[in-house]
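What follows is the content of work_27.pdb (PDB, C-alpha atoms).
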```
ATOM      1  CA  MET L   1      53.651 -11.603   4.268  1.00  0.00           C
ATOM      2  CA  ARG L   2      52.262 -14.531   2.242  1.00  0.00           C
ATOM      3  CA  ILE L   3      49.266 -15.155   4.481  1.00  0.00           C
ATOM      4  CA  PRO L   4      45.610 -15.380   3.400  1.00  0.00           C
ATOM      5  CA  VAL L   5      43.348 -12.371   3.860  1.00  0.00           C
ATOM      6  CA  ILE L   6      40.121 -13.512   5.507  1.00  0.00           C
ATOM      7  CA  ASP L   7      37.109 -11.250   5.004  1.00  0.00           C
ATOM      8  CA  HIS L   8      34.843 -10.538   7.969  1.00  0.00           C
ATOM      9  CA  TRP L   9      31.292  -9.316   7.653  1.00  0.00           C
ATOM     10  CA  TRP L  10      31.323  -7.552  11.076  1.00  0.00           C
ATOM     11  CA  GLN L  11      27.722  -6.345  10.990  1.00  0.00           C
ATOM     12  CA  THR L  12      27.207  -6.866  14.717  1.00  0.00           C
ATOM     13  CA  GLU L  13      29.381  -7.224  17.761  1.00  0.00           C
ATOM     14  CA  THR L  14      29.031 -11.025  17.549  1.00  0.00           C
ATOM     15  CA  GLY L  15      30.334 -11.294  13.971  1.00  0.00           C
ATOM     16  CA  TRP L  16      33.436 -13.457  13.755  1.00  0.00           C
ATOM     17  CA  PRO L  17      32.771 -15.788  16.720  1.00  0.00           C
ATOM     18  CA  VAL L  18      29.380 -16.869  15.295  1.00  0.00           C
ATOM     19  CA  ALA L  19      30.034 -17.365  11.578  1.00  0.00           C
ATOM     20  CA  ALA L  20      33.489 -17.435  10.044  1.00  0.00           C
ATOM     21  CA  ASP L  21      35.965 -18.915   7.595  1.00  0.00           C
ATOM     22  CA  LEU L  22      37.631 -21.489   9.840  1.00  0.00           C
ATOM     23  CA  ILE L  23      41.119 -21.057   8.397  1.00  0.00           C
ATOM     24  CA  GLY L  24      42.654 -23.269  11.087  1.00  0.00           C
ATOM     25  CA  LEU L  25      40.864 -26.278   9.585  1.00  0.00           C
ATOM     26  CA  GLU L  26      41.334 -25.588   5.881  1.00  0.00           C
ATOM     27  CA  PRO L  27      40.668 -22.654   3.543  1.00  0.00           C
ATOM     28  CA  MET L  28      36.989 -22.638   2.595  1.00  0.00           C
ATOM     29  CA  PRO L  29      35.506 -21.361  -0.649  1.00  0.00           C
ATOM     30  CA  THR L  30      34.152 -17.867  -0.120  1.00  0.00           C
ATOM     31  CA  LYS L  31      31.079 -16.237  -1.605  1.00  0.00           C
ATOM     32  CA  ALA L  32      30.531 -12.485  -1.607  1.00  0.00           C
ATOM     33  CA  GLY L  33      27.980 -11.596   1.049  1.00  0.00           C
ATOM     34  CA  SER L  34      28.405 -14.880   2.918  1.00  0.00           C
ATOM     35  CA  ALA L  35      30.063 -15.384   6.288  1.00  0.00           C
ATOM     36  CA  THR L  36      31.081 -18.956   5.288  1.00  0.00           C
ATOM     37  CA  VAL L  37      29.888 -21.410   7.988  1.00  0.00           C
ATOM     38  CA  PRO L  38      28.450 -21.388  11.515  1.00  0.00           C
ATOM     39  CA  VAL L  39      31.083 -21.952  14.196  1.00  0.00           C
ATOM     40  CA  SER L  40      30.818 -24.831  16.680  1.00  0.00           C
ATOM     41  CA  GLY L  41      28.891 -23.919  19.800  1.00  0.00           C
ATOM     42  CA  PHE L  42      26.440 -21.597  18.042  1.00  0.00           C
ATOM     43  CA  ASP L  43      23.015 -22.600  16.708  1.00  0.00           C
ATOM     44  CA  VAL L  44      22.770 -20.206  13.761  1.00  0.00           C
ATOM     45  CA  ARG L  45      19.387 -19.983  12.028  1.00  0.00           C
ATOM     46  CA  VAL L  46      17.631 -17.387   9.900  1.00  0.00           C
ATOM     47  CA  LEU L  47      14.137 -16.628  11.178  1.00  0.00           C
ATOM     48  CA  ALA L  48      11.146 -15.062   9.457  1.00  0.00           C
ATOM     49  CA  ALA L  49       9.249 -12.163  11.044  1.00  0.00           C
ATOM     50  CA  ASP L  50       6.881 -14.652  12.721  1.00  0.00           C
ATOM     51  CA  GLY L  51       9.796 -16.553  14.302  1.00  0.00           C
ATOM     52  CA  THR L  52       9.641 -19.619  12.061  1.00  0.00           C
ATOM     53  CA  GLU L  53      12.868 -20.919  10.547  1.00  0.00           C
ATOM     54  CA  CYS L  54      13.478 -19.979   6.908  1.00  0.00           C
ATOM     55  CA  ALA L  55      14.259 -22.715   4.407  1.00  0.00           C
ATOM     56  CA  ALA L  56      17.770 -22.909   2.945  1.00  0.00           C
ATOM     57  CA  GLY L  57      17.986 -20.648  -0.110  1.00  0.00           C
ATOM     58  CA  GLU L  58      14.801 -18.755   0.753  1.00  0.00           C
ATOM     59  CA  GLU L  59      15.058 -15.090  -0.164  1.00  0.00           C
ATOM     60  CA  GLY L  60      14.091 -12.594   2.476  1.00  0.00           C
ATOM     61  CA  SER L  61      12.233  -9.346   2.139  1.00  0.00           C
ATOM     62  CA  GLY L  62      15.173  -7.078   2.868  1.00  0.00           C
ATOM     63  CA  GLN L  63      15.807  -3.912   0.966  1.00  0.00           C
ATOM     64  CA  VAL L  64      16.689  -4.391  -2.690  1.00  0.00           C
ATOM     65  CA  PRO L  65      17.827  -1.324  -4.606  1.00  0.00           C
ATOM     66  CA  HIS L  66      16.079  -0.381  -7.833  1.00  0.00           C
ATOM     67  CA  ALA L  67      17.401   1.989 -10.479  1.00  0.00           C
ATOM     68  CA  LEU L  68      15.141   4.261 -12.483  1.00  0.00           C
ATOM     69  CA  VAL L  69      17.135   5.787 -15.315  1.00  0.00           C
ATOM     70  CA  VAL L  70      16.021   8.581 -17.632  1.00  0.00           C
ATOM     71  CA  LEU L  71      18.256   9.153 -20.630  1.00  0.00           C
ATOM     72  CA  LYS L  72      18.799  12.554 -22.183  1.00  0.00           C
ATOM     73  CA  SER L  73      17.131  13.164 -25.500  1.00  0.00           C
ATOM     74  CA  GLY L  74      19.272  11.742 -28.283  1.00  0.00           C
ATOM     75  CA  ALA L  75      21.188   9.338 -26.043  1.00  0.00           C
ATOM     76  CA  ASP L  76      21.922   6.177 -27.978  1.00  0.00           C
ATOM     77  CA  LEU L  77      23.098   3.478 -25.604  1.00  0.00           C
ATOM     78  CA  PRO L  78      22.281  -0.240 -25.887  1.00  0.00           C
ATOM     79  CA  ALA L  79      20.194  -1.509 -22.946  1.00  0.00           C
ATOM     80  CA  ASP L  80      22.778  -4.119 -21.910  1.00  0.00           C
ATOM     81  CA  ARG L  81      25.534  -1.494 -21.817  1.00  0.00           C
ATOM     82  CA  LEU L  82      23.328   0.911 -19.829  1.00  0.00           C
ATOM     83  CA  THR L  83      22.520  -1.861 -17.340  1.00  0.00           C
ATOM     84  CA  ALA L  84      26.198  -2.766 -16.924  1.00  0.00           C
ATOM     85  CA  ASP L  85      27.156   0.900 -16.421  1.00  0.00           C
ATOM     86  CA  VAL L  86      24.451   1.492 -13.789  1.00  0.00           C
ATOM     87  CA  VAL L  87      25.355  -1.699 -11.879  1.00  0.00           C
ATOM     88  CA  ALA L  88      29.047  -0.720 -11.960  1.00  0.00           C
ATOM     89  CA  ALA L  89      28.243   2.789 -10.669  1.00  0.00           C
ATOM     90  CA  VAL L  90      26.144   1.414  -7.781  1.00  0.00           C
ATOM     91  CA  ARG L  91      28.867  -1.095  -6.842  1.00  0.00           C
ATOM     92  CA  ASP L  92      31.497   1.675  -6.975  1.00  0.00           C
ATOM     93  CA  ARG L  93      29.547   4.201  -4.890  1.00  0.00           C
ATOM     94  CA  ILE L  94      27.650   1.921  -2.474  1.00  0.00           C
ATOM     95  CA  GLY L  95      29.501  -1.390  -2.688  1.00  0.00           C
ATOM     96  CA  PRO L  96      28.751  -4.919  -3.871  1.00  0.00           C
ATOM     97  CA  ILE L  97      26.393  -5.422  -0.917  1.00  0.00           C
ATOM     98  CA  ALA L  98      23.857  -3.397  -2.933  1.00  0.00           C
ATOM     99  CA  ALA L  99      22.775  -6.238  -5.220  1.00  0.00           C
ATOM    100  CA  LEU L 100      21.169  -4.249  -7.996  1.00  0.00           C
ATOM    101  CA  ARG L 101      19.185  -6.605 -10.204  1.00  0.00           C
TER     102      ARG L 101
END
```
Encoded form using structure tokens:
Amino acid sequence: MRIPVIDHWWQTETGWPVAADLIGLEPMPTKAGSATVPVSGFDVRVLAADGTECAAGEEGSGQVPHALVVLKSGADLPADRLTADVVAAVRDRIGPIAALR
């Protein structure tokens, strides 16, 4: 069909109308996990638990997955390869939203 596929985060019923890739203006660069930009008419802000506005780039205290791996006796796998394999398995089974670090 030769038309762009626009991803939509759709985590709540407000989703697309509040934050979107405004394809009618121009294609915007996308970033995994980002809804692109706030849409006109909405005052979109991220708030801390106490109601104060979070600074741009501030990391929240949401859930971050951790992996505890126990290798079988005699397993000989370089740490960087093991890390890459575990991250790939988490992304495959849960999805890239699980940002395993």
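Minimum atom-to-atom distance to Phe42 in chain L, evaluated using only C-alpha atoms, belongs to L:Val18 out of L:Val86, L:Val18, L:Ala55, L:Val64.
You will find CA of Ala35 in chain L at 24.9 Å from CA of His66 in chain L.
CA of Ala32 in chain L is positioned 27.7 Å from CA of Asp50 in chain L.
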Quick one: axis-aligned box around all listed atoms of range 62-75 of chain L, 6 Å on every side, centre and edge lengths in Å to one decimal, written as AutoDock Vina command-line options.
```
--center_x 18.2 --center_y 3.0 --center_z -12.7 --size_x 18.0 --size_y 32.2 --size_z 43.2
```
Protein, DNA and RNA residues within 10 Å of (31.6, -22.0, 13.4), only C-alpha atoms, as a short mmCIF file (atom, residue, chain, number, x, y, z; two decimals) with C-alpha atoms, in the coordinates of the input:
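Saved to point-v2.cif:
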```cif
data_model
loop_
_atom_site.label_atom_id
_atom_site.label_comp_id
_atom_site.auth_asym_id
_atom_site.auth_seq_id
_atom_site.Cartn_x
_atom_site.Cartn_y
_atom_site.Cartn_z
CA TRP L 16 33.44 -13.46 13.76
CA PRO L 17 32.77 -15.79 16.72
CA VAL L 18 29.38 -16.87 15.30
CA ALA L 19 30.03 -17.36 11.58
CA ALA L 20 33.49 -17.43 10.04
CA ASP L 21 35.97 -18.92 7.60
CA LEU L 22 37.63 -21.49 9.84
CA ALA L 35 30.06 -15.38 6.29
CA THR L 36 31.08 -18.96 5.29
CA VAL L 37 29.89 -21.41 7.99
CA PRO L 38 28.45 -21.39 11.52
CA VAL L 39 31.08 -21.95 14.20
CA SER L 40 30.82 -24.83 16.68
CA GLY L 41 28.89 -23.92 19.80
CA PHE L 42 26.44 -21.60 18.04
CA ASP L 43 23.02 -22.60 16.71
CA VAL L 44 22.77 -20.21 13.76
#
```
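CA of Ala84 in chain L lies 13.5 Å from CA of Pro96 in chain L.
Between Leu82 in chain L and the residues L:Val46, L:Val70, L:Arg2, L:Glu26, the shortest atom-to-atom distance, using only C-alpha atoms, involves L:Val70.
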- Message: Neighbouring residues of Ala48 in chain L were defined as those with any atom within 12 Å, considering all atoms listed in the file; residues of the same chain fewer than 2 positions away were excluded. Please report them as a PyMOL selection string.
- Response: chain L and resi 45-46+50-55+58-62
